[in-house]
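**Student:** Here it is, the structure, as structure tokens.
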Amino acid sequence: MITGSKAGTVDGYAARRTWSGRLAGLRRLDMPLLLSVLALSAVGALLVRSATFQLLTERGEDPEGFLKRHILNLIIGFVLGGIVTLLDYRLLRAYVPILYGVACVGLLAVLTPLGETINGSHSWIVLGGGFQVQPSEFAKVGLVVLLAMILGEPRDGEIGPGRRDVLLALVLAGVPGVLIMLQPDLGTTLVFIAVVLGMLAISGAQKRWLVGLVGGGAAAAFAVWFFGLLKDYQIDRFIAFLHPEADPRGAGYNAQQARIAIGSGGAFGKGLFHGEQTGGHFVPEQQTDFIFTVAGEELGFVGAAVIVALLGVVLWRGLRIATQAADLFGTLVATGVVCWLGFQAFENVGMTIGIMPITGLPLPFVSYGGSATFANMIAFGLLQAVHVRRRPFD
Amino acid sequence: MNPRTHFRLVVLYVLVAALLLVLIGRMWTLQVLEGEHYKGIAAQNRTRDIVVPANRGMILDDRGVPLVRNRSALVVSVDRTTLSRQEDGGEGVLKRLAGVLGTTYDEISKRVRLCAPGIKRPCWPGSPYQPIPVEDHADPKRALQIMERQEDFPGVTAQVQAVRTYPEPDGASAAQVLGYLQPVTQDELDKRKGLKVTGYSGVDLVGRAGLEAQYDHALRGEPGFRKVLVDSQGRVTGTAEEQPPTAGSNLVTSIDAGVQGASEKALKHAIDAARKAGHPADAGAAVVMDVRTGKMVAMASYPTYDPSIWTGGISQNEYDALLGKKNGEPLISRVTQGQFAPGSTFKISSVSAAVADGNSLKGIYPCPGSFMVGDRAFGNAGGASYGPMTLHTALVKSCDTVFYRFGYLEWKRDGGIHPKKNPSDPMVKMARKYGFGKPTGIDLPSESSGRIPDREWKKSYWEDTKDASCKGVKSGYPEVRKTDPARASYLTAVAKENCTEGYVWRAGDAANFSVGQGNVLVTPLQLVRAYAAVANGGKLVTPRLGVAVVRPDGTVDRRLESPPAQKLGVDPKVLKYIRSALGGVTKEGTAAGAFNGFDFKRVDVGGKTGTAEVYGKEDSSWFASFGPVKDPRYAVVAMVSQGGFGASTSAPAVREIWEAMYGTKDKKPILKDGKLPSELPSMPGEGAAP
């Protein structure tokens, strides 16, 4: 990748010369990434409709209600992503303190009476008029940019960030991390850990930091378990993950029903909008965290694999952008986004097929949910922003 | 980009690719390799097999008149499974339901709780997965309210179902013969093969007594099933597969509604009369049998009850009334389950035994006022002395001492209290030939066997009771002694004998046996069969109620053949002699008063009175009869427990039944030319108007 080939064309700038008008701008974007995200959003919208139209019909509401709101979310998301793309990401550093502050205030706010508990997590702020915000989604953006700024400071001679930088990064990441743990939101906490570990590694931090963090994390997990700091429902979820058939009506219900829905889809699925498990609402949270079960049942192995492959393309392009970024800050921003989306996708799909415990995380670009969609699209915009301003020779 | 960052990015590439491959691999296993397995689970998850009970067949009399049929009823039922999924365990639903049905929450919640030891009725004895009917006379308007507001009434359904109804043609209720239905239990369902039951449409009922139980399989038909699609809340969203039920067949019985009704009335009259005369008259039976075939024409039992109380749940009060001892246990059929000392009606067996034992039919036998059995005097009723007489007269006048003598002499010949190795016991053996001491094999469940108290029985009874008896000897009954020293002394003496040598077959046992006293117990059904055997010339028939199983479309599924009759093993000449003697009983003997003015030209009836002493109670009143004497067709027996003399209570009841069957000057006969229909009736349709 670092070929330094002088004969290579200079994509971005060459394009500006050979193409003109608006198309020229589009041409500078990472097209596979854009097309994958568009495809995932389109499939997601269809799956959201499939997961909700029967229930809405039964309730006597507009059967397309969820679909319409989701499309609105997607449009707003793409606009947000577009704005971020247009920004010079390097200038983001100036806004990091503000972003970070807003994120922390938001996370604090959900712990106050302003917050709303949904599915056992105190993660939402209800704005009224049917709108609600999940600050932890935006905190992920804040975390990525914050860590990129601290760990991506231009350094002379040093191959990675120094001890001061690493500690500062850990402390600053720890504040929102603890706030999220207090919600408690296990899924987002795990995303935070993945992002911190990934960005530290790529920033070139000493191996001992990584080993120490993993070891400390394991010790902390053990302590949490040992001293009974986990909520009962979280322990139940873990037990259900290990033995889903132990309590098929209780904690294991989601896991079991999700597996049945996906497994019964077979190789080619039952056809979009024809999922019987989906239509019967056997899997809870089907338009959000468990949307992959709709894909599994209705589109089968082939369709579900295509979704995983599209997510793979997003991650591949993200890593490619990280590799080609103009500076370490850009590399780290792209890496953070990849770690975030990658871990979240793996956890989300994994929990529906029984290889990960169940946590409340949506499937990036596919699940219904305003805050998640906006945050994902901002992440997508960040990747494009880094890509547009990549190193000229690559 | 520094090399460390670059290397680690490559590692991240590999890591991401590896994780995605893990996902794809797991999906491959789940969807492609195990897809069929999960499709199966999904299908079960999504569908429920609903059992649709078949319309139950009717029970008809010999002319095709329904004794039990179905009516359509709007039944409101509650599904426990759905209720238990409600946040408050269904309390709110039941409260609203109680409001609509105009009852109380308390009442409904009792009805839907499961029966278990210690839980009083009302409770639900059936499977917990079956919808529980809480109202079977629902007002359509109220039912509509429930169905229209399903969101307020999850788990509550209102649908038209067939409910048993009892038309009682000619006043014939035959409650104990017909029996009753109860919901099927989960155990029984699990035992039923073929159908995996996960849901119900309506209630699946099983016959628990009487003909409903005996012919349950034929009456029930084949339940159908419906595979319905359900959502995660168990709400039905459609039907995937349906197999309609096959309606149950109708059962044609030999019961004749007219004769049955007349028998029930006659029995009631006898009971009322006995009570008027100051007797407790706590139970009774009247039974009519076709002596040639063993077909049962009528079986009346008192006390009785209205079987329709079984439909739609039964309250504790009603249940107590049904099963309670103080209410006479009307569920028990006195015809097949009542066991009573037969008294003198038993003498047909004793005469047969005496003659078979070598006493001549032409002989003359002494009938003193009392006869010394060992050191105890056994007397005739009222101490009447008639002098020497024929066996004919002994039956007509019901002389006991003739039979005491037979019994005593036979006992002495067998070795007395030190019996020989193989005692002949002619009376006991003859009683067994007449079918006493074991069930007749009638097509009804839970028949009693009566009791022939022979030497073996005495021994086993002694073994069971000697401990209690010996304890009585030691204590001397101090409680009784306080109030009644004489009785206490008597009890102690009895206990002493029972304690040390209660197993000995004593002279008194033999004497009592000869006149159907002591420990002899028979069911009215056994007695009517024994008289039928005398009447038909020596065939011991197996009583039968079922005649044919007829499909709902009227075609015959199968005729129910009676098992072949056994040979009685009594010389036909003896039987003829007995018939002639019994013919005299109604004209010049013990029943002459009861049959005073009876039109013997219409039907010549012979019979035998019986007045059995029961320790601690009033006498059992019996009358056993057959007719016409020359060409017997029917045997009729009536008995009233604690009803006084046979001649005064039961004989009039029997007379009333004969007069109903053959008619009188003023009354049209039920039987045409003294005959019951010999052809199967043509079937009526199931007239189930709502």
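So you can find residues: chains in the structure tokens are A, B, ... in the order shown, residues in each start at 1, and ligands are numbered from 1 in order.
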Output as a ChimeraX atom specification the set of chain B residues within 12 Å of chain A, with distances taken over only C-alpha atoms.
**Tutor:** /B:1-47,85,151,229-238
**Student:** Selected residues, C-alpha atoms, written as a CSV table (one decimal), in the first residue's frame, please.
**Tutor:**
```csv
chain,number,residue,atom,x,y,z
B,1,MET,CA,2.8,5.7,8.3
B,2,ASN,CA,5.1,4.0,10.7
B,3,PRO,CA,5.6,0.2,10.3
B,4,ARG,CA,4.1,-0.7,13.7
B,5,THR,CA,0.8,1.0,12.8
B,6,HIS,CA,0.9,-0.5,9.4
B,7,PHE,CA,1.5,-4.0,10.7
B,8,ARG,CA,-1.3,-3.6,13.2
B,9,LEU,CA,-3.6,-2.4,10.6
B,10,VAL,CA,-2.9,-5.6,8.6
B,11,VAL,CA,-3.7,-7.6,11.8
B,12,LEU,CA,-6.9,-5.7,12.1
B,13,TYR,CA,-7.8,-6.6,8.4
B,14,VAL,CA,-7.2,-10.2,9.2
B,15,LEU,CA,-9.2,-10.0,12.5
B,16,VAL,CA,-12.2,-8.4,10.8
B,17,ALA,CA,-12.1,-10.9,8.0
B,18,ALA,CA,-11.9,-13.8,10.5
B,19,LEU,CA,-14.8,-12.5,12.6
B,20,LEU,CA,-17.0,-12.1,9.4
B,21,LEU,CA,-16.0,-15.6,8.4
B,22,VAL,CA,-17.0,-16.9,11.8
B,23,LEU,CA,-20.4,-15.3,11.3
B,24,ILE,CA,-20.9,-16.7,7.9
B,25,GLY,CA,-19.8,-20.1,9.1
B,26,ARG,CA,-22.2,-20.1,12.0
B,27,MET,CA,-25.0,-19.0,9.7
B,28,TRP,CA,-24.2,-21.8,7.3
B,29,THR,CA,-24.5,-24.3,10.1
B,30,LEU,CA,-27.7,-22.8,11.4
B,31,GLN,CA,-29.5,-22.2,8.2
B,32,VAL,CA,-28.2,-24.7,5.7
B,33,LEU,CA,-27.1,-27.6,7.7
B,34,GLU,CA,-29.7,-27.4,10.5
B,35,GLY,CA,-32.3,-25.5,8.6
B,36,GLU,CA,-34.8,-28.4,8.4
B,37,HIS,CA,-34.5,-28.9,12.1
B,38,TYR,CA,-35.3,-25.3,12.8
B,39,LYS,CA,-38.1,-25.3,10.2
B,40,GLY,CA,-39.7,-28.1,12.3
B,41,ILE,CA,-39.4,-26.2,15.5
B,42,ALA,CA,-40.7,-23.0,13.9
B,43,ALA,CA,-43.7,-24.9,12.6
B,44,GLN,CA,-44.5,-26.1,16.2
B,45,ASN,CA,-43.8,-22.7,17.5
B,46,ARG,CA,-46.2,-21.2,15.1
B,47,THR,CA,-49.0,-23.7,15.0
B,85,ARG,CA,-49.7,-14.8,30.5
B,151,GLU,CA,-58.7,-7.0,23.9
B,229,LEU,CA,-51.5,-20.5,13.1
B,230,VAL,CA,-50.8,-18.5,16.1
B,231,ASP,CA,-48.6,-15.5,16.9
B,232,SER,CA,-46.3,-15.1,19.9
B,233,GLN,CA,-49.3,-14.2,22.1
B,234,GLY,CA,-51.1,-17.4,21.2
B,235,ARG,CA,-53.6,-15.4,19.1
B,236,VAL,CA,-55.0,-17.5,16.2
B,237,THR,CA,-54.2,-15.9,12.9
B,238,GLY,CA,-55.4,-18.5,10.5
```
**Student:** Residues within 10 Å of Leu361 of chain B, please, as a list of chain:residue names. Count only C-alpha atoms; anything in the same chain fewer than 6 positions from it doesn't count.
**Tutor:**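 Counting only the stated atoms, we get B:Val351, B:Ser352, B:Ala354, B:Val355, B:Thr390, B:Leu391, B:His392, B:Lys573, B:Val574, B:Tyr577, B:Ile578.
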**Student:** At a cut-off of 7 Å, using only C-alpha atoms, what residues contact Ser123 of chain A? Leave out same-chain residues fewer than 5 positions from it and give the result as a count of residues only.
**Tutor:** 6
**Student:** What is the distance, in Å and to one decimal place, between atom CA of Lys207 of chain A and atom CA of Leu168 of chain A?
**Tutor:**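 Pair atom CA of Lys207 of chain A / atom CA of Leu168 of chain A returns 17.3 Å.
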**Student:** Among segment 232-322 of chain B, which ones does DSSP place in strand (DSSP E or B), written as a ChimeraX atom specification?
**Tutor:** /B:236-243,246,250-253,283-290,295-302
**Student:** Would you put the residues from that selection into a file with N, CA and C atoms, as a PDB file, in the first residue's frame?
**Tutor:**
```
ATOM      1  N   VAL B 236     -54.857 -16.696  17.467  1.00  0.00           N
ATOM      2  CA  VAL B 236     -55.011 -17.459  16.235  1.00  0.00           C
ATOM      3  C   VAL B 236     -55.056 -16.499  15.060  1.00  0.00           C
ATOM      4  N   THR B 237     -54.200 -16.767  14.061  1.00  0.00           N
ATOM      5  CA  THR B 237     -54.172 -15.877  12.902  1.00  0.00           C
ATOM      6  C   THR B 237     -54.685 -16.564  11.657  1.00  0.00           C
ATOM      7  N   GLY B 238     -54.907 -17.860  11.705  1.00  0.00           N
ATOM      8  CA  GLY B 238     -55.436 -18.542  10.530  1.00  0.00           C
ATOM      9  C   GLY B 238     -55.433 -20.045  10.742  1.00  0.00           C
ATOM     10  N   THR B 239     -55.968 -20.769   9.770  1.00  0.00           N
ATOM     11  CA  THR B 239     -56.033 -22.221   9.860  1.00  0.00           C
ATOM     12  C   THR B 239     -55.143 -22.811   8.780  1.00  0.00           C
ATOM     13  N   ALA B 240     -54.256 -23.726   9.184  1.00  0.00           N
ATOM     14  CA  ALA B 240     -53.325 -24.305   8.229  1.00  0.00           C
ATOM     15  C   ALA B 240     -53.854 -25.622   7.684  1.00  0.00           C
ATOM     16  N   GLU B 241     -54.542 -26.364   8.532  1.00  0.00           N
ATOM     17  CA  GLU B 241     -54.929 -27.705   8.157  1.00  0.00           C
ATOM     18  C   GLU B 241     -56.139 -28.052   8.988  1.00  0.00           C
ATOM     19  N   GLU B 242     -57.040 -28.833   8.412  1.00  0.00           N
ATOM     20  CA  GLU B 242     -58.236 -29.152   9.178  1.00  0.00           C
ATOM     21  C   GLU B 242     -58.700 -30.557   8.849  1.00  0.00           C
ATOM     22  N   GLN B 243     -59.053 -31.285   9.869  1.00  0.00           N
ATOM     23  CA  GLN B 243     -59.613 -32.612   9.659  1.00  0.00           C
ATOM     24  C   GLN B 243     -60.874 -32.659  10.493  1.00  0.00           C
ATOM     25  N   THR B 246     -65.411 -36.974  13.206  1.00  0.00           N
ATOM     26  CA  THR B 246     -66.439 -37.929  12.820  1.00  0.00           C
ATOM     27  C   THR B 246     -67.389 -38.049  14.000  1.00  0.00           C
ATOM     28  N   ASN B 250     -74.846 -43.487  17.585  1.00  0.00           N
ATOM     29  CA  ASN B 250     -75.917 -43.552  18.575  1.00  0.00           C
ATOM     30  C   ASN B 250     -75.962 -44.954  19.158  1.00  0.00           C
ATOM     31  N   LEU B 251     -76.332 -45.048  20.400  1.00  0.00           N
ATOM     32  CA  LEU B 251     -76.448 -46.351  21.054  1.00  0.00           C
ATOM     33  C   LEU B 251     -77.922 -46.671  21.246  1.00  0.00           C
ATOM     34  N   VAL B 252     -78.372 -47.757  20.606  1.00  0.00           N
ATOM     35  CA  VAL B 252     -79.737 -48.224  20.844  1.00  0.00           C
ATOM     36  C   VAL B 252     -79.685 -49.179  22.012  1.00  0.00           C
ATOM     37  N   THR B 253     -80.514 -48.924  23.011  1.00  0.00           N
ATOM     38  CA  THR B 253     -80.513 -49.798  24.185  1.00  0.00           C
ATOM     39  C   THR B 253     -81.807 -50.591  24.223  1.00  0.00           C
ATOM     40  N   ALA B 283     -83.727 -46.277  50.280  1.00  0.00           N
ATOM     41  CA  ALA B 283     -83.242 -46.574  48.932  1.00  0.00           C
ATOM     42  C   ALA B 283     -84.105 -47.659  48.330  1.00  0.00           C
ATOM     43  N   GLY B 284     -84.015 -47.798  47.016  1.00  0.00           N
ATOM     44  CA  GLY B 284     -84.796 -48.838  46.379  1.00  0.00           C
ATOM     45  C   GLY B 284     -84.395 -49.055  44.950  1.00  0.00           C
ATOM     46  N   ALA B 285     -84.923 -50.142  44.397  1.00  0.00           N
ATOM     47  CA  ALA B 285     -84.618 -50.459  43.010  1.00  0.00           C
ATOM     48  C   ALA B 285     -85.800 -51.167  42.399  1.00  0.00           C
ATOM     49  N   ALA B 286     -85.991 -50.966  41.113  1.00  0.00           N
ATOM     50  CA  ALA B 286     -86.992 -51.726  40.369  1.00  0.00           C
ATOM     51  C   ALA B 286     -86.366 -52.067  39.031  1.00  0.00           C
ATOM     52  N   VAL B 287     -86.529 -53.333  38.631  1.00  0.00           N
ATOM     53  CA  VAL B 287     -85.817 -53.754  37.437  1.00  0.00           C
ATOM     54  C   VAL B 287     -86.676 -54.740  36.646  1.00  0.00           C
ATOM     55  N   VAL B 288     -86.653 -54.559  35.321  1.00  0.00           N
ATOM     56  CA  VAL B 288     -87.427 -55.417  34.429  1.00  0.00           C
ATOM     57  C   VAL B 288     -86.478 -56.018  33.405  1.00  0.00           C
ATOM     58  N   MET B 289     -86.543 -57.351  33.257  1.00  0.00           N
ATOM     59  CA  MET B 289     -85.652 -58.021  32.319  1.00  0.00           C
ATOM     60  C   MET B 289     -86.465 -58.903  31.375  1.00  0.00           C
ATOM     61  N   ASP B 290     -86.025 -58.938  30.147  1.00  0.00           N
ATOM     62  CA  ASP B 290     -86.588 -59.891  29.193  1.00  0.00           C
ATOM     63  C   ASP B 290     -85.919 -61.241  29.486  1.00  0.00           C
ATOM     64  N   LYS B 295     -82.111 -59.046  27.957  1.00  0.00           N
ATOM     65  CA  LYS B 295     -82.131 -57.599  27.700  1.00  0.00           C
ATOM     66  C   LYS B 295     -82.829 -56.894  28.856  1.00  0.00           C
ATOM     67  N   MET B 296     -82.242 -55.786  29.268  1.00  0.00           N
ATOM     68  CA  MET B 296     -82.822 -55.027  30.368  1.00  0.00           C
ATOM     69  C   MET B 296     -83.865 -54.066  29.818  1.00  0.00           C
ATOM     70  N   VAL B 297     -85.058 -54.152  30.336  1.00  0.00           N
ATOM     71  CA  VAL B 297     -86.150 -53.311  29.841  1.00  0.00           C
ATOM     72  C   VAL B 297     -86.273 -52.043  30.683  1.00  0.00           C
ATOM     73  N   ALA B 298     -86.019 -52.191  31.965  1.00  0.00           N
ATOM     74  CA  ALA B 298     -86.084 -51.017  32.842  1.00  0.00           C
ATOM     75  C   ALA B 298     -85.173 -51.237  34.034  1.00  0.00           C
ATOM     76  N   MET B 299     -84.541 -50.180  34.473  1.00  0.00           N
ATOM     77  CA  MET B 299     -83.699 -50.231  35.667  1.00  0.00           C
ATOM     78  C   MET B 299     -83.879 -48.917  36.409  1.00  0.00           C
ATOM     79  N   ALA B 300     -84.657 -48.976  37.471  1.00  0.00           N
ATOM     80  CA  ALA B 300     -84.915 -47.750  38.234  1.00  0.00           C
ATOM     81  C   ALA B 300     -84.183 -47.838  39.560  1.00  0.00           C
ATOM     82  N   SER B 301     -83.615 -46.725  39.979  1.00  0.00           N
ATOM     83  CA  SER B 301     -82.893 -46.697  41.246  1.00  0.00           C
ATOM     84  C   SER B 301     -83.321 -45.468  42.018  1.00  0.00           C
ATOM     85  N   TYR B 302     -83.471 -45.652  43.314  1.00  0.00           N
ATOM     86  CA  TYR B 302     -83.859 -44.535  44.183  1.00  0.00           C
ATOM     87  C   TYR B 302     -82.866 -44.473  45.340  1.00  0.00           C
TER      88      TYR B 302
END
```
**Student:** What is the distance between atom CA of Leu146 of chain A and atom CA of Gln344 of chain A, in Å to one decimal?
**Tutor:**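 Between atom CA of Leu146 of chain A and atom CA of Gln344 of chain A the gap is 19.3 Å.
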